[in-house]
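For reference, the structure discussed in these notes is given below.
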Amino acid sequence: MISQRSALLSGFSASLPIAMGYFPISFSFGVAATQGGFSVIEAFSLSLIIYAGASQFLALALLTSGAPLLVSAFTLIAMNLRHVLYGPALMREAGDKASTRHAWAWAFGLTDEVFGQALGALARGQKFSEPYMFGLGIGAYASWLSGTAVGAFAGGGALDGWPAISAGLGFMLPALFLALLLSILSRRQLPVIAIAGAVTVAATLVISATSGILLGMLAGAVTGVLRR
Amino acid sequence: MNTDLLIVALLAGAANWAFRALPILLRTDRMALGGWLERFLSATGPAAIATLFVGSILPALTPDLIRLLPLITGVSAVLGGWLATRSVALATLAGAIAHGATVWMIG
């Protein structure tokens, strides 16, 4: 019992850097949601149910632009397809004997950063434990939800008098994507990344921003299939 | 509560749960996936992140160097933050702070 509690606390403490990064991002999501005409409850519900940063920002863009419901849902689902790979990669490191009894609950919190932190802990020789995964996930999720709530309550006009802070928060998402890109960068993935980026630019300029994201992703993934 | 919003959120949330939890519950890491599907799936993550980064900075690109400066300092700070700490969260924060500080200095 004590070791389980200590693993939970250890996971929670490992979540602090993630929580520090999540709060301002989810705060800016809360602000953006209310700016887009959504209520505090609606903004909070998106964070509670979807719990994926980029998808939530895209959900705002799609819903406010009047995109069809199924197109919006499919786009958001396609965007998070990469998460399919996180579980197998983590469990491969955790080993055959690792318990997955409560994975139905903690795995919902397996975001990019939580996955990266958990994989890093295993790579450093830490033993896999479900309480650790709960601690890691709860810290990050709590930060995400509280940031959304504070941002939504502060409202769309909250940062009008603070353009530098508003700009900094607005850059949080591109910065997060770049940092994630650096964290997975390898020589092997360079063609995938280059093709995905180039097709995104071309399709955005020729068709639309939404098409750019979908086609860029697809082109990168197909490049991965063709690669030897 | 907007019904369309709730439906989209529930569909995306259910898919997120399925993507994150099902491969663990089914222990798909024990299956030898192999072939084109494995290559497709393993390239999807990097492709998605690269696409999202490019898509998010495209609207900020401009030939006006002064207006481009916050983007340049922000991207440089993420790169520097990553090299110095190897932490996604800290590199992100460094980029956002540099971007905001540059906007403040430009005025």
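For the structure tokens, the naming scheme is as follows: chains receive sequential letters (A, B, ...) according to their order of presentation, residues are indexed from 1 within each chain, and ligands are indexed from 1 in presentation order.
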Leaving out Ala164 (chain A) and any residue of its chain fewer than 6 positions from it, which residues lie within 6 Å of it when counting only C-alpha atoms, given as a PDB file with N, CA and C atoms, in the first residue's frame?
ATOM      1  N   GLY B 100       6.549  36.494 -26.473  1.00  0.00           N
ATOM      2  CA  GLY B 100       5.824  37.583 -25.792  1.00  0.00           C
ATOM      3  C   GLY B 100       6.740  38.753 -25.472  1.00  0.00           C
ATOM      4  N   VAL B 103       7.413  40.817 -28.591  1.00  0.00           N
ATOM      5  CA  VAL B 103       6.254  41.667 -28.913  1.00  0.00           C
ATOM      6  C   VAL B 103       6.246  42.890 -28.001  1.00  0.00           C
ATOM      7  N   TRP B 104       6.561  42.687 -26.721  1.00  0.00           N
ATOM      8  CA  TRP B 104       6.579  43.785 -25.745  1.00  0.00           C
ATOM      9  C   TRP B 104       7.662  44.803 -26.102  1.00  0.00           C
TER      10      TRP B 104
END
Quick one: DSSP alpha helix (DSSP H) residues in region 26-130 of chain A, as a PyMOL selection string? chain A and resi 26-35+40-49+53-64+69-79+86-94+103-106+112-123+130
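Of the residues listed (B:Gly95, B:Ile24, B:Ile72, B:Ala14), B:Ile24 shows the shortest atom-to-atom separation from Thr100 (chain A); distances use only C-alpha atoms.
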From the options A:Thr200, A:Ser72, A:Ser166, A:Gln56, which residue's atoms come nearest to Asp4 (chain B), counting only C-alpha atoms? A:Ser72
Report the distance between CA of Met172 (chain A) and CA of Ala96 (chain B) in Å, rounded to one decimal place. 5.2 Å
Using only C-alpha atoms, determine which residues lie at most 9 Å from region 45-47 of chain B, disregarding the query and same-chain residues fewer than 4 positions distant; provide the list as a count of residues only. 27
